[in-house]
Structures are given as structure tokens and as C-alpha cells.
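Following: one structure in C-alpha cells, then a few remarks.
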Protein chains: 2
Amino acid sequence: MADINISSLPDRSAAQADQGSHPAEPIWDLIELLFFAYRDFVSDPDDVLAKFSFGRAHHRVLHFVNRHPGMKVADLLEVLKITKQSLGRVLKQLVDQGYVVQKEGENDRRQRLLYVTPKGEALAMRLAGLQTERIARALGQLGPNAHEAARRFLVAMIDADGRDGVQKLIARADRARRPRS
Amino acid sequence: MADINISSLPDRSAAQADQGSHPAEPIWDLIELLFFAYRDFVSDPDDVLAKFSFGRAHHRVLHFVNRHPGMKVADLLEVLKITKQSLGRVLKQLVDQGYVVQKEGENDRRQRLLYVTPKGEALAMRLAGLQTERIARALGQLGPNAHEAARRFLVAMIDADGRDGVQKLIARADRARRPRS
DNA sequence: ATATTTATGTCAGCCATGTTGACATATTTC
DNA sequence: GAAATATGTCAACATGGCTGACATAAATAT
């Protein structure tokens with residue numbers, strides 16, 4: 001209930017074709033909805049993290065290390081788009097407190113490959129569980145192809161040059177988790 | 001091109017029905033895509049804002065004041081979910097530099113209703129334009145009902161108790177902008 | 001009419017997390 | 001052996017959250 005308010009408005013999205021003339025009307029609804037949805041999306045983990053004296057920065061690191069084990073530090077910097085000094089601060093805490101370990105690369109011994117400990121995995125999965133609940137609840141209210149539609153939309157929103165990298169990242173991690181499906 | 005990688009995976013989203021037994025597999029793809037999409041979504045405005053020595057906080061304030069003129073300070077606090085001290089800092093700068101003005105409420109003279117100046121509107125619209133370009137580009141790559149699908153998904157992702165408020169906010173602003181359509 | 005509540009502003013200080021710049025160390029590659 | 005690479009670290013700074021305390025004006029309640 002209550003989602004008739006907005007969804008019944010005509011689509012004047014300017015997506016199809018704004019053939020040159022005057023500046024298109026901003027797509028207000030999606031701009032604002034992205035803000036609100038993301039705000040709430042990150043809020044569930046925040047509460048749990050606070051109990052561990054961790055913040056969002058720790059969450060992001062823990063998430064990607066858990067999801068993509070063996071990541072190089074450089075990969076993580078690339079993904080998060082932050083500086084190594086910023087990463088260093090939170091990564092050090094995660095390592096010191098036993099959530100993440102670093103192993104020397106086998107081929108290249110300069111590399112410090114990142115892995116979660118069981119303790120790190122437990123926390124990462126707990127946080128992912130919260131976000132999954134929210135997403136599942138949302139998808140449950142929509143049609144059967146809502147997952148697919150959301151995925152396509154979000155992929156298309158990513159910078160064109162990063163898009164392939166992101167999709168490969170996800171696909172690779174997906175394969176790794178379920179080796180032969 | 002390139003969006004076949006992911007979209008061909010089966011949907012094991014756990015949305016439909018996880019009847020109790022064991023913990024559902026996290027919905028990794030949407031969790032990560034939300035991160036990447038939002039990261040890029042806010043990055044375009046950031047570059048412009050930097051030229052004005054403004055940050056994301058200024059953007060959020062300017063956006064909501066532009067989009068919902070006459071907002072009370074209390075409304076803005078509610079929407080942004082930050083403290084009045086945090087808001088005060090950036091709002092003061094926006095007022096001092098002539099992007100936002102505050103008018104005494106007519107009924108309640110304690111209120112300081114917020115409005116953008118022409119200068120403020122120009123900046124707000126420029127930033128909204130950047131985000132609209134990205135969204136329009138994304139929607140353009142998808143089917144004709146992608147806008148609707150994205151809207152539904154994002155609405156469903158919002159906290160249940162805030163959902164109605166958000167939708168009313170958007171609908172109201174929408175009506176105000178195009179008085180009789 | 002006075003007391004209380006409400007809307008807003010402000011000061012001071014703290015914390016998390018981003019930044020730049022410089023430099024150190026180990027290892028690989030040329 | 002020299003140069004490039006992967007990583008770590010120190011110092012300093014900026015932004016934008018936070019709490020707590022307190023101030024003012026206007027509305028509302030007793």
C-alpha cells in the first residue's frame with residue numbers, strides 16, 4: 001500500500017530523447033530516492049558496527065576482503081577509491097583486532113594479500129545479512145524480475161569505464177564461492 | 001554490451017521465501033552494485049562543488065531547499081537525519097555566501113523558512129543536471145519501464161516508516177513545480 | 001500574566017575518515 | 001646494480017558527523 005502516490009505520475013524522465021533544444025527537467029524522483037534508499041541501506045550495519053567501535057570505513061574494507069579473499073592492497077584502493085593512508089588506518093585496526101590477516105604473495109612477495117579470519121567472516125556475514133534482509137524485503141514486494149531490473153539499473157549507473165571491472169569482480173567472486181554450480 | 005556477465009546468473013535472491021531453515025545467502029550483487037552506483041552517482045557533483053569550496057553536505061542542503069522551497073529547518077533536519085549543529089555549519093555558509101535565504105514564517109514567526117536565491121538555484125540545477133545526465137544515460141540503455149522499475153525498487157528499499165513521508169515529499173514538490181498539468 | 005514549550009542558533013570540543021606530501025623498506029624487474 | 005613497484009608510515013590538515021550546554025524569541029498552556 002501507499003506506493004500509488006508516486007508510481008502513477010507520468011514518466012517525463014528525459015531519458016528517451018532530449019533532442020537538443022532546452023535543458024531537460026531533472027529526474028527528481030530518482031535523484032531523491034537514491035539518496036533516501038542509500039541512507040537507509042547503510043544505516044542497519046552502522047548500528048551493529050557502533051557496538052564494535054567500527055565505522056563505515058571498516059565495513060567497506062571488511063566487506064570486500066570477505067567477498068574477494070586474496071585481494072591485493074592495491075586492488076582494494078582501486079575499488080574503494082581512497083588513498084592508502086585512509087585505508088591504512090582502518091585496515092591496521094582490523095588486522096590488530098584479528099578480523100583480517102595479510103599473507104605474503106606467493107609469486108610476488110611484496111604483496112600483502114588480504115583475507116578475513118573466521119571472526120572477520122562472522123562480522124562481515126552478519127552485516128551482509130542485515131543488508132540482504134532489506135533487499136529481500138524490497139524485492140519481495142515487487143515482481144519476480146525485480147532483482148534483474150534493479151541489477152541492470154545499478155550497473156548502468158556505474159561509470160562506463162569502471163562497469164566491466166565491477167561486473168568481472170562480482171562474477172569472479174560469485175564463481176569462487178560456488179565452485180561448480 | 002558487457003552486461004551479459006552478471007545478468008545471466010540464476011536468481012537465488014532469497015527474496016521469495018526463505019522458510020526458516022538455514023541462513024540465506026547474501027544478495028551480493030545488489031549489495032555491491034548499490035555501493036558502486038552510489039559512489040559514482042555522487043562523484044559528478046563533487047567535482048563541481050570542489051570549485052566552490054563546497055562539499056556533499058552543502059549539496060544535500062542546497063538540493064532539498066531548492067527542491068522543496070519554504071522548508072522549515074526542522075524538516076531539513078528530519079530529512080537529512082543529522083543534528084542541527086551539523087546542519088548549522090553548512091547552512092550558515094550557504095546563507096552567508098548568498099545561495100540560500102531564510103524568511104520568517106508567516107503563521108509562526110519562530111520558523112526560518114528556507115529558500116534558494118537565483119544564485120543558489122543555478123548551482124542546484126547544475127548539480128541536478130549532472131545527476132540527471134547519469135540517470136538518463138542509464139535509463140536510455142534499458143527498457144521503457146526502467147524508470148518505473150527503478151523507482152519501485154528504491155522506494156521499497158526505504159525504511160517502512162519513512163516511506164510514506166518520502167513519497168509525499170516528492171509528490172508535493174512535483175505538484176508545486178508544475179502547478180496545473 | 002506568567003510559565004512552559006517550541007524553533008532555532010551558537011559555542012566548544014571530540015571523533016571518524018577523507019586529503020596531501022614526504023619518506024622508508026622490501027622485492028621485482030630492467 | 002639501478003630503477004620501478006607494492007606497501008607502510010609519519011605528520012598535518014579538512015570535512016562533516018557527534019554530544020552537551022546554553023541563549024533567544026515566539027507560541028502555547030495554565
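Simple scheme: letters A, B, ... for chains in C-alpha cells order, numbers from 1 for residues in each chain, numbers from 1 for ligands in the order shown.
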Within 12 Å of DA6 in chain D using only C-alpha atoms (C1' of nucleotides), minus same-chain residues under 6 positions, as an mmCIF file with N, CA, C and O atoms (P, O5', C5', C4', C3', O3' and C1' of nucleotides), in the first residue's frame:
data_model
loop_
_atom_site.group_PDB
_atom_site.id
_atom_site.type_symbol
_atom_site.label_atom_id
_atom_site.label_comp_id
_atom_site.auth_asym_id
_atom_site.auth_seq_id
_atom_site.Cartn_x
_atom_site.Cartn_y
_atom_site.Cartn_z
ATOM 1 N N LYS A 72 44.681 -7.927 -3.332
ATOM 2 C CA LYS A 72 45.866 -7.139 -3.045
ATOM 3 C C LYS A 72 45.422 -5.813 -2.442
ATOM 4 O O LYS A 72 44.307 -5.348 -2.688
ATOM 5 N N VAL A 73 46.296 -5.192 -1.681
ATOM 6 C CA VAL A 73 46.012 -3.879 -1.128
ATOM 7 C C VAL A 73 45.702 -2.890 -2.249
ATOM 8 O O VAL A 73 44.776 -2.081 -2.139
ATOM 9 N N ALA A 74 46.446 -2.988 -3.317
ATOM 10 C CA ALA A 74 46.240 -2.074 -4.452
ATOM 11 C C ALA A 74 44.838 -2.228 -5.046
ATOM 12 O O ALA A 74 44.223 -1.245 -5.440
ATOM 13 N N ASP A 75 44.356 -3.469 -5.093
ATOM 14 C CA ASP A 75 43.006 -3.715 -5.608
ATOM 15 C C ASP A 75 41.975 -3.009 -4.751
ATOM 16 O O ASP A 75 41.031 -2.384 -5.247
ATOM 17 N N LYS A 84 45.873 5.314 0.195
ATOM 18 C CA LYS A 84 46.404 4.223 1.014
ATOM 19 C C LYS A 84 46.506 4.624 2.477
ATOM 20 O O LYS A 84 46.415 3.776 3.370
ATOM 21 N N GLU A 104 51.774 -12.946 2.636
ATOM 22 C CA GLU A 104 52.720 -12.622 1.568
ATOM 23 C C GLU A 104 52.257 -13.283 0.263
ATOM 24 O O GLU A 104 51.854 -14.445 0.269
ATOM 25 N N GLY A 105 52.339 -12.545 -0.830
ATOM 26 C CA GLY A 105 52.001 -13.139 -2.116
ATOM 27 C C GLY A 105 53.005 -14.236 -2.480
ATOM 28 O O GLY A 105 54.180 -14.117 -2.171
ATOM 29 N N ASP A 108 54.684 -12.844 -5.952
ATOM 30 C CA ASP A 108 55.306 -11.550 -5.659
ATOM 31 C C ASP A 108 55.270 -11.327 -4.151
ATOM 32 O O ASP A 108 54.230 -11.058 -3.581
ATOM 33 N N ARG A 109 56.436 -11.438 -3.535
ATOM 34 C CA ARG A 109 56.464 -11.385 -2.076
ATOM 35 C C ARG A 109 56.356 -9.970 -1.512
ATOM 36 O O ARG A 109 56.380 -9.795 -0.281
ATOM 37 N N ARG A 110 56.201 -8.980 -2.403
ATOM 38 C CA ARG A 110 55.935 -7.626 -1.897
ATOM 39 C C ARG A 110 54.460 -7.471 -1.532
ATOM 40 O O ARG A 110 54.089 -6.648 -0.698
ATOM 41 N N GLN A 111 53.653 -8.251 -2.185
ATOM 42 C CA GLN A 111 52.212 -8.119 -1.969
ATOM 43 C C GLN A 111 51.769 -8.649 -0.611
ATOM 44 O O GLN A 111 52.329 -9.623 -0.114
ATOM 45 N N ARG A 112 50.789 -7.972 -0.030
ATOM 46 C CA ARG A 112 50.178 -8.449 1.202
ATOM 47 C C ARG A 112 48.738 -8.808 0.872
ATOM 48 O O ARG A 112 47.865 -7.925 0.830
ATOM 49 N N LEU A 113 48.492 -10.041 0.575
ATOM 50 C CA LEU A 113 47.138 -10.455 0.186
ATOM 51 C C LEU A 113 46.241 -10.500 1.417
ATOM 52 O O LEU A 113 46.658 -10.934 2.493
ATOM 53 P P DT C 25 64.536 2.217 6.064
ATOM 54 O "O5'" DT C 25 63.754 0.831 6.153
ATOM 55 C "C5'" DT C 25 62.344 0.773 6.050
ATOM 56 C "C4'" DT C 25 61.957 -0.520 5.360
ATOM 57 C "C3'" DT C 25 63.115 -1.359 4.833
ATOM 58 O "O3'" DT C 25 62.844 -2.722 5.113
ATOM 59 C "C1'" DT C 25 61.662 -0.854 3.064
ATOM 60 P P DA C 26 63.935 -3.869 4.857
ATOM 61 O "O5'" DA C 26 63.155 -4.827 3.853
ATOM 62 C "C5'" DA C 26 61.797 -5.169 4.113
ATOM 63 C "C4'" DA C 26 61.180 -5.688 2.823
ATOM 64 C "C3'" DA C 26 62.042 -6.722 2.088
ATOM 65 O "O3'" DA C 26 61.192 -7.795 1.751
ATOM 66 C "C1'" DA C 26 61.481 -4.952 0.627
ATOM 67 P P DT C 27 61.792 -9.147 1.184
ATOM 68 O "O5'" DT C 27 61.447 -8.991 -0.354
ATOM 69 C "C5'" DT C 27 60.099 -8.714 -0.724
ATOM 70 C "C4'" DT C 27 60.051 -8.361 -2.188
ATOM 71 C "C3'" DT C 27 60.822 -9.314 -3.104
ATOM 72 O "O3'" DT C 27 59.908 -9.876 -4.009
ATOM 73 C "C1'" DT C 27 61.213 -7.044 -3.672
ATOM 74 P P DT C 28 60.265 -11.102 -4.940
ATOM 75 O "O5'" DT C 28 60.007 -10.437 -6.369
ATOM 76 C "C5'" DT C 28 58.912 -9.543 -6.538
ATOM 77 C "C4'" DT C 28 59.142 -8.649 -7.742
ATOM 78 C "C3'" DT C 28 59.695 -9.364 -8.973
ATOM 79 O "O3'" DT C 28 58.893 -8.999 -10.077
ATOM 80 C "C1'" DT C 28 60.965 -7.432 -8.511
#
Could you name the residues that touch range 16-23 of chain C at 9 Å or less, counting only C-alpha atoms (C1' of nucleotides), but leaving out those on the same chain fewer than 6 positions away, as an MDAnalysis selection string? (chainID A and resid 55 57 82:83 86) or (chainID D and resid 9:10 12:15 17)
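With distances restricted to only C-alpha atoms, A:Asn66 is the closest residue to chain B from A:Ser53, A:Gln93, A:Asn107, A:Asn66.
Near chain B, counting only C-alpha atoms (C1' of nucleotides) at 8 Å, the chain C residues are C:DA7, C:DT8, C:DG9.
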Restrict the selected residues to N, CA and C atoms (P, O5', C5', C4', C3', O3' and C1' of nucleotides) and save them as a PDB file, in the first residue's frame.
ATOM      1  P    DA C   7       8.384  22.955  17.232  1.00  0.00           P
ATOM      2  O5'  DA C   7       9.343  24.171  16.856  1.00  0.00           O
ATOM      3  C5'  DA C   7       8.796  25.367  16.318  1.00  0.00           C
ATOM      4  C4'  DA C   7       9.936  26.233  15.836  1.00  0.00           C
ATOM      5  C3'  DA C   7      10.996  25.465  15.024  1.00  0.00           C
ATOM      6  O3'  DA C   7      11.287  26.212  13.859  1.00  0.00           O
ATOM      7  C1'  DA C   7      12.014  26.571  16.861  1.00  0.00           C
ATOM      8  P    DT C   8      12.342  25.736  12.840  1.00  0.00           P
ATOM      9  O5'  DT C   8      13.657  26.408  13.437  1.00  0.00           O
ATOM     10  C5'  DT C   8      13.740  27.830  13.459  1.00  0.00           C
ATOM     11  C4'  DT C   8      14.933  28.278  14.245  1.00  0.00           C
ATOM     12  C3'  DT C   8      16.279  27.817  13.716  1.00  0.00           C
ATOM     13  O3'  DT C   8      16.816  28.872  12.928  1.00  0.00           O
ATOM     14  C1'  DT C   8      16.178  27.974  16.103  1.00  0.00           C
ATOM     15  P    DG C   9      18.288  28.792  12.353  1.00  0.00           P
ATOM     16  O5'  DG C   9      19.199  29.259  13.577  1.00  0.00           O
ATOM     17  C5'  DG C   9      19.017  30.566  14.104  1.00  0.00           C
ATOM     18  C4'  DG C   9      20.084  30.825  15.151  1.00  0.00           C
ATOM     19  C3'  DG C   9      21.506  30.460  14.716  1.00  0.00           C
ATOM     20  O3'  DG C   9      22.367  31.533  15.036  1.00  0.00           O
ATOM     21  C1'  DG C   9      21.016  29.430  16.772  1.00  0.00           C
TER      22       DG C   9
END
DSSP alpha helix (DSSP H) residues within chain A, as a ChimeraX atom specification: /A:4-7,28-41,43-51,56-67,73-80,84-96,118-140,146-157,160-177
Chain A residues near chain B (7 Å cut-off, only C-alpha atoms) as a VMD selection string: chain A and resid 2 5 to 7 14 to 16 26 to 27 29 to 30 33 to 34 36 to 37 40 128 to 129 132 134 to 140 148 to 151 153 to 159 164 167 170 to 171
Selected residues, C-alpha atoms, written as a PDB file, in the first residue's frame, please.
ATOM      1  CA  ALA A   2       0.880   3.620  -0.366  1.00  0.00           C
ATOM      2  CA  ASN A   5       1.276   8.176  -4.876  1.00  0.00           C
ATOM      3  CA  ILE A   6       4.368   8.383  -6.976  1.00  0.00           C
ATOM      4  CA  SER A   7       4.187   5.498  -9.341  1.00  0.00           C
ATOM      5  CA  ALA A  14      14.086  12.932 -20.406  1.00  0.00           C
ATOM      6  CA  ALA A  15      15.799   9.596 -20.781  1.00  0.00           C
ATOM      7  CA  GLN A  16      14.415   8.626 -24.149  1.00  0.00           C
ATOM      8  CA  PRO A  26      15.913  16.936 -13.727  1.00  0.00           C
ATOM      9  CA  ILE A  27      14.813  13.438 -12.826  1.00  0.00           C
ATOM     10  CA  ASP A  29      12.319  11.337  -8.097  1.00  0.00           C
ATOM     11  CA  LEU A  30      15.243   9.027  -8.746  1.00  0.00           C
ATOM     12  CA  LEU A  33      15.092   8.158  -3.945  1.00  0.00           C
ATOM     13  CA  LEU A  34      18.713   7.195  -4.431  1.00  0.00           C
ATOM     14  CA  PHE A  36      16.941   8.026   0.776  1.00  0.00           C
ATOM     15  CA  ALA A  37      17.423   4.403  -0.222  1.00  0.00           C
ATOM     16  CA  ASP A  40      18.697   3.631   4.936  1.00  0.00           C
ATOM     17  CA  ALA A 128      25.701  -8.592   4.799  1.00  0.00           C
ATOM     18  CA  GLY A 129      22.770 -10.393   6.355  1.00  0.00           C
ATOM     19  CA  THR A 132      20.240  -8.730   2.473  1.00  0.00           C
ATOM     20  CA  ARG A 134      16.395  -5.148   3.490  1.00  0.00           C
ATOM     21  CA  ILE A 135      16.938  -6.015  -0.149  1.00  0.00           C
ATOM     22  CA  ALA A 136      14.962  -9.246   0.116  1.00  0.00           C
ATOM     23  CA  ARG A 137      12.114  -7.402   1.796  1.00  0.00           C
ATOM     24  CA  ALA A 138      12.131  -4.861  -1.023  1.00  0.00           C
ATOM     25  CA  LEU A 139      12.297  -7.456  -3.790  1.00  0.00           C
ATOM     26  CA  GLY A 140       9.588  -9.423  -2.091  1.00  0.00           C
ATOM     27  CA  GLU A 148      17.147  -8.429 -12.537  1.00  0.00           C
ATOM     28  CA  ALA A 149      15.724  -4.966 -13.166  1.00  0.00           C
ATOM     29  CA  ALA A 150      17.476  -3.492 -10.142  1.00  0.00           C
ATOM     30  CA  ARG A 151      20.734  -5.102 -11.171  1.00  0.00           C
ATOM     31  CA  PHE A 153      19.694  -0.245 -13.452  1.00  0.00           C
ATOM     32  CA  LEU A 154      22.508  -0.143 -10.928  1.00  0.00           C
ATOM     33  CA  VAL A 155      25.051  -1.483 -13.399  1.00  0.00           C
ATOM     34  CA  ALA A 156      24.037   1.165 -15.899  1.00  0.00           C
ATOM     35  CA  MET A 157      24.520   3.845 -13.258  1.00  0.00           C
ATOM     36  CA  ILE A 158      28.190   2.962 -12.813  1.00  0.00           C
ATOM     37  CA  ASP A 159      30.855   4.907 -14.690  1.00  0.00           C
ATOM     38  CA  ASP A 164      33.252  -4.002 -16.824  1.00  0.00           C
ATOM     39  CA  GLN A 167      30.965  -6.867 -13.250  1.00  0.00           C
ATOM     40  CA  ILE A 170      31.300  -9.692  -8.943  1.00  0.00           C
ATOM     41  CA  ALA A 171      31.223 -12.571 -11.395  1.00  0.00           C
TER      42      ALA A 171
END
When you draw a straight line from C1' of DG8 in chain D to CA of Val90 in chain A, how long is it in Å?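 One can read the C1' of DG8 in chain D to CA of Val90 in chain A distance as 13.2 Å.
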Of the residues B:Val48, B:Leu114, B:Leu87, B:Leu123, which is the one nearest to chain D, using only C-alpha atoms (C1' of nucleotides)?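 Of all the options, B:Leu87 lies closest to chain D.
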